[in-house]
Amino acid sequence: MWNKLVKVVDHIKCNFISLNIISNTQYKKSFKTLVQLSYNNPSVFVLHFKHIFKNENYSEHPSFKTRRRDGIFMVDEDLFKLSFKKILDSPILLYYKAFFFEQFCRTLNSKNKLFKFGLANESNCLKCNVVATSEHCLFECKFPSYASSAIAKFLDMRYNDSAPDFIFLKESFFLCNTYYEQFSNSEYTQLTLLILVIKDKCIKIANDPCIERWSKNNFFSQLILITQFSIKLLDNINFVSEFLDDFLNYILKYQDNISYFD
């Protein structure tokens with residue numbers, strides 16, 4: 001019975017097309033250990049060890065350490081990496097990507113830093129009379145505080161039926177440009193661009209004496225102008241702007257009550 005079965009198999013085998021998927025050499029090679037393979041090709045062993053120890057050799061970026069040292073807010077590192085990658089992959093202008101990278105690395109020219117370099121007469125904010133660090137210029141000063149509140153209230157209206165949520169996350173989404181799962185990629189791109197344009201403006205006006213004279217009327221009008229400018233930037237790269245259009249319409253509804261965003 002066994003001999004008959006062998007003959008049948010041999011007969012059928014002759015009628016099949018040979019499929020050279022793997023050679024005998026490759027087949028034998030698959031049974032060799034990694035150490036055996038490394039005798040003739042040491043790079044194989046090195047490659048596998050790179051994968052094994054890649055995470056162990058990871059070095060934290062210095063800006064995370066210095067922020068902890070100085071007691072400065074920073075989001076979770078994994079969440080920041082996700083947001084950072086999305087920003088770099090987005091179609092927004094390279095200038096604003098570079099601005100965000102400088103903010104992350106803590107190399108922006110804040111008024112306090114310029115004072116230490118001898119390029120400014122004083123280190124204090126002209127509006128708030130406190131040391132004008134990067135975090136103060138980008139988030140704590142009167143104008144960025146007004147702008148971040150307006151954006152937070154818009155986000156709460158859009159995603160939470162006006163229930164307070166983003167209003168408590170201003171440091172995260174505004175200062176650190178953090179991505180949240182409520183945002184689509186398109187919405188996050190538009191929101192990120194708007195916030196980066198605002199923060200770029202904040203760094204520049206921190207060294208301008210005109211900031212002393214700015215009132216809520218100036219904050220409101222500047223927010224409108226910056227939003228319109230951001231929409232124009234998106235139009236120039238043929239990117240949708242419906243999110244920012246909605247934000248612009250939202251803040252215009254409060255032109256008779258500009259203190260609402262204070």
# chains A, B, ... in the order shown; residues from 1 in each chain; ligands from 1
call {"tool": "residues_around", "arguments": {"residues": "stretch 94-104 of chain A", "least_positions_apart": "4", "cutoff": "10 Å", "atoms": "only C-alpha atoms", "output": "compact mmCIF listing (two decimals) with C-alpha atoms, in the first residue's frame"}}
result
# COMPACT_ATOMS: atom_id res chain seq x y z
CA HIS A 61 16.13 65.51 24.78
CA SER A 63 14.80 70.45 26.85
CA PHE A 64 12.67 67.95 28.79
CA MET A 74 5.54 70.06 29.56
CA PHE A 80 4.49 65.36 22.44
CA PHE A 84 5.61 66.87 16.89
CA ILE A 87 3.35 69.05 12.79
CA LEU A 88 6.46 68.13 10.79
CA ASP A 89 4.34 66.05 8.39
CA SER A 90 1.79 68.84 7.93
CA LEU A 108 13.64 81.39 20.96
CA ASN A 109 14.79 84.96 21.44
CA SER A 134 9.68 82.46 26.50
CA GLU A 135 6.78 80.87 28.36
CA LEU A 138 4.09 82.81 24.39
CA LEU A 175 1.72 76.33 24.58
CA CYS A 176 2.77 72.83 23.47
CA ASN A 177 0.57 72.46 20.36
CA THR A 192 -1.58 74.42 14.77
CA LEU A 193 -0.93 77.05 12.12
CA ILE A 195 -1.48 79.03 17.24
CA LEU A 196 2.04 79.20 15.79
CA VAL A 197 1.23 82.45 13.97
CA LYS A 199 2.96 82.81 19.20
CA ASP A 200 5.29 84.19 16.54
call {"tool": "residues_around", "arguments": {"residues": "A:Phe168", "least_positions_apart": "4", "cutoff": "10 Å", "atoms": "only C-alpha atoms", "output": "count of residues only"}}
result
5
call {"tool": "residues_around", "arguments": {"residues": "A:Leu155", "least_positions_apart": "4", "cutoff": "9 Å", "atoms": "only C-alpha atoms", "output": "list of chain:residue names"}}
result
A:Ala150, A:Ile151, A:Tyr159, A:Asn160, A:Ser162, A:Asp165, A:Phe166, A:Ile167, A:Phe247
call {"tool": "residues_around", "arguments": {"residues": "stretch 240-242 of chain A", "least_positions_apart": "3", "cutoff": "7 Å", "atoms": "only C-alpha atoms", "output": "PyMOL selection string"}}
result
chain A and resi 190+231+234+245-246
call {"tool": "write_last_selection", "arguments": {"atoms": "C-alpha atoms", "output": "short mmCIF file (atom, residue, chain, number, x, y, z; two decimals), in the first residue's frame"}}
result
data_model
loop_
_atom_site.label_atom_id
_atom_site.label_comp_id
_atom_site.auth_asym_id
_atom_site.auth_seq_id
_atom_site.Cartn_x
_atom_site.Cartn_y
_atom_site.Cartn_z
CA GLN A 190 -5.35 74.54 10.80
CA ILE A 231 -6.60 81.47 6.37
CA LEU A 234 -3.78 77.99 3.88
CA ASP A 245 -13.49 80.07 8.97
CA ASP A 246 -15.74 78.73 11.73
#
call {"tool": "closest_residue", "arguments": {"among": "A:Asn124, A:Ser145, A:Ser184, A:Asn238", "to": "A:Ile198", "atoms": "only C-alpha atoms"}}
result
A:Ser145
call {"tool": "closest_residue", "arguments": {"among": "A:Thr133, A:Ser83, A:Asn112, A:Gln255", "to": "A:Asp70", "atoms": "only C-alpha atoms"}}
result
A:Thr133
call {"tool": "atom_distance", "arguments": {"atom1": "atom CA of A:Ser230", "atom2": "atom CA of A:Leu194"}}
result
5.8 Å
call {"tool": "residues_around", "arguments": {"residues": "A:Thr66", "least_positions_apart": "6", "cutoff": "12 Å", "atoms": "only C-alpha atoms", "output": "VMD selection string"}}
result
chain A and resid 60 72 to 74 104 to 106
call {"tool": "write_last_selection", "arguments": {"atoms": "C-alpha atoms", "output": "CSV table (one decimal), in the first residue's frame"}}
result
chain,number,residue,atom,x,y,z
A,60,GLU,CA,16.0,62.1,26.5
A,72,ILE,CA,8.1,74.6,33.5
A,73,PHE,CA,5.0,72.8,32.2
A,74,MET,CA,5.5,70.1,29.6
A,104,PHE,CA,10.8,73.1,21.9
A,105,CYS,CA,14.6,73.4,22.1
A,106,ARG,CA,14.2,76.6,24.2
call {"tool": "residues_around", "arguments": {"residues": "A:Phe243", "least_positions_apart": "6", "cutoff": "10 Å", "atoms": "only C-alpha atoms", "output": "ChimeraX atom specification"}}
result
/A:158,186-191,231
call {"tool": "write_last_selection", "arguments": {"atoms": "C-alpha atoms", "output": "compact mmCIF listing (two decimals), in the first residue's frame"}}
result
# COMPACT_ATOMS: atom_id res chain seq x y z
CA ARG A 158 -17.29 72.73 18.87
CA SER A 186 -7.07 68.73 8.78
CA GLU A 187 -8.42 70.48 11.88
CA TYR A 188 -5.17 69.94 13.75
CA THR A 189 -3.16 71.42 10.87
CA GLN A 190 -5.35 74.54 10.80
CA LEU A 191 -5.35 74.92 14.58
CA ILE A 231 -6.60 81.47 6.37
call {"tool": "atom_distance", "arguments": {"atom1": "atom CA of A:Thr107", "atom2": "atom CA of A:Ile205"}}
result
17.3 Å
call {"tool": "atom_distance", "arguments": {"atom1": "atom CA of A:Gly118", "atom2": "atom CA of A:Phe143"}}
result
25.8 Å
call {"tool": "closest_residue", "arguments": {"among": "A:Leu82, A:Cys128, A:Leu93, A:Ile203", "to": "A:Glu181", "atoms": "only C-alpha atoms"}}
result
A:Leu82
call {"tool": "select_by_dssp", "arguments": {"residues": "stretch 70-153 of chain A", "states": "alpha helix (DSSP H)", "output": "PyMOL selection string"}}
result
chain A and resi 70+77-89+94-105+111-116+134-135+142-153
call {"tool": "closest_residue", "arguments": {"among": "A:Leu233, A:Ile211, A:Leu248, A:Ala147", "to": "A:Leu126", "atoms": "only C-alpha atoms"}}
result
A:Ile211
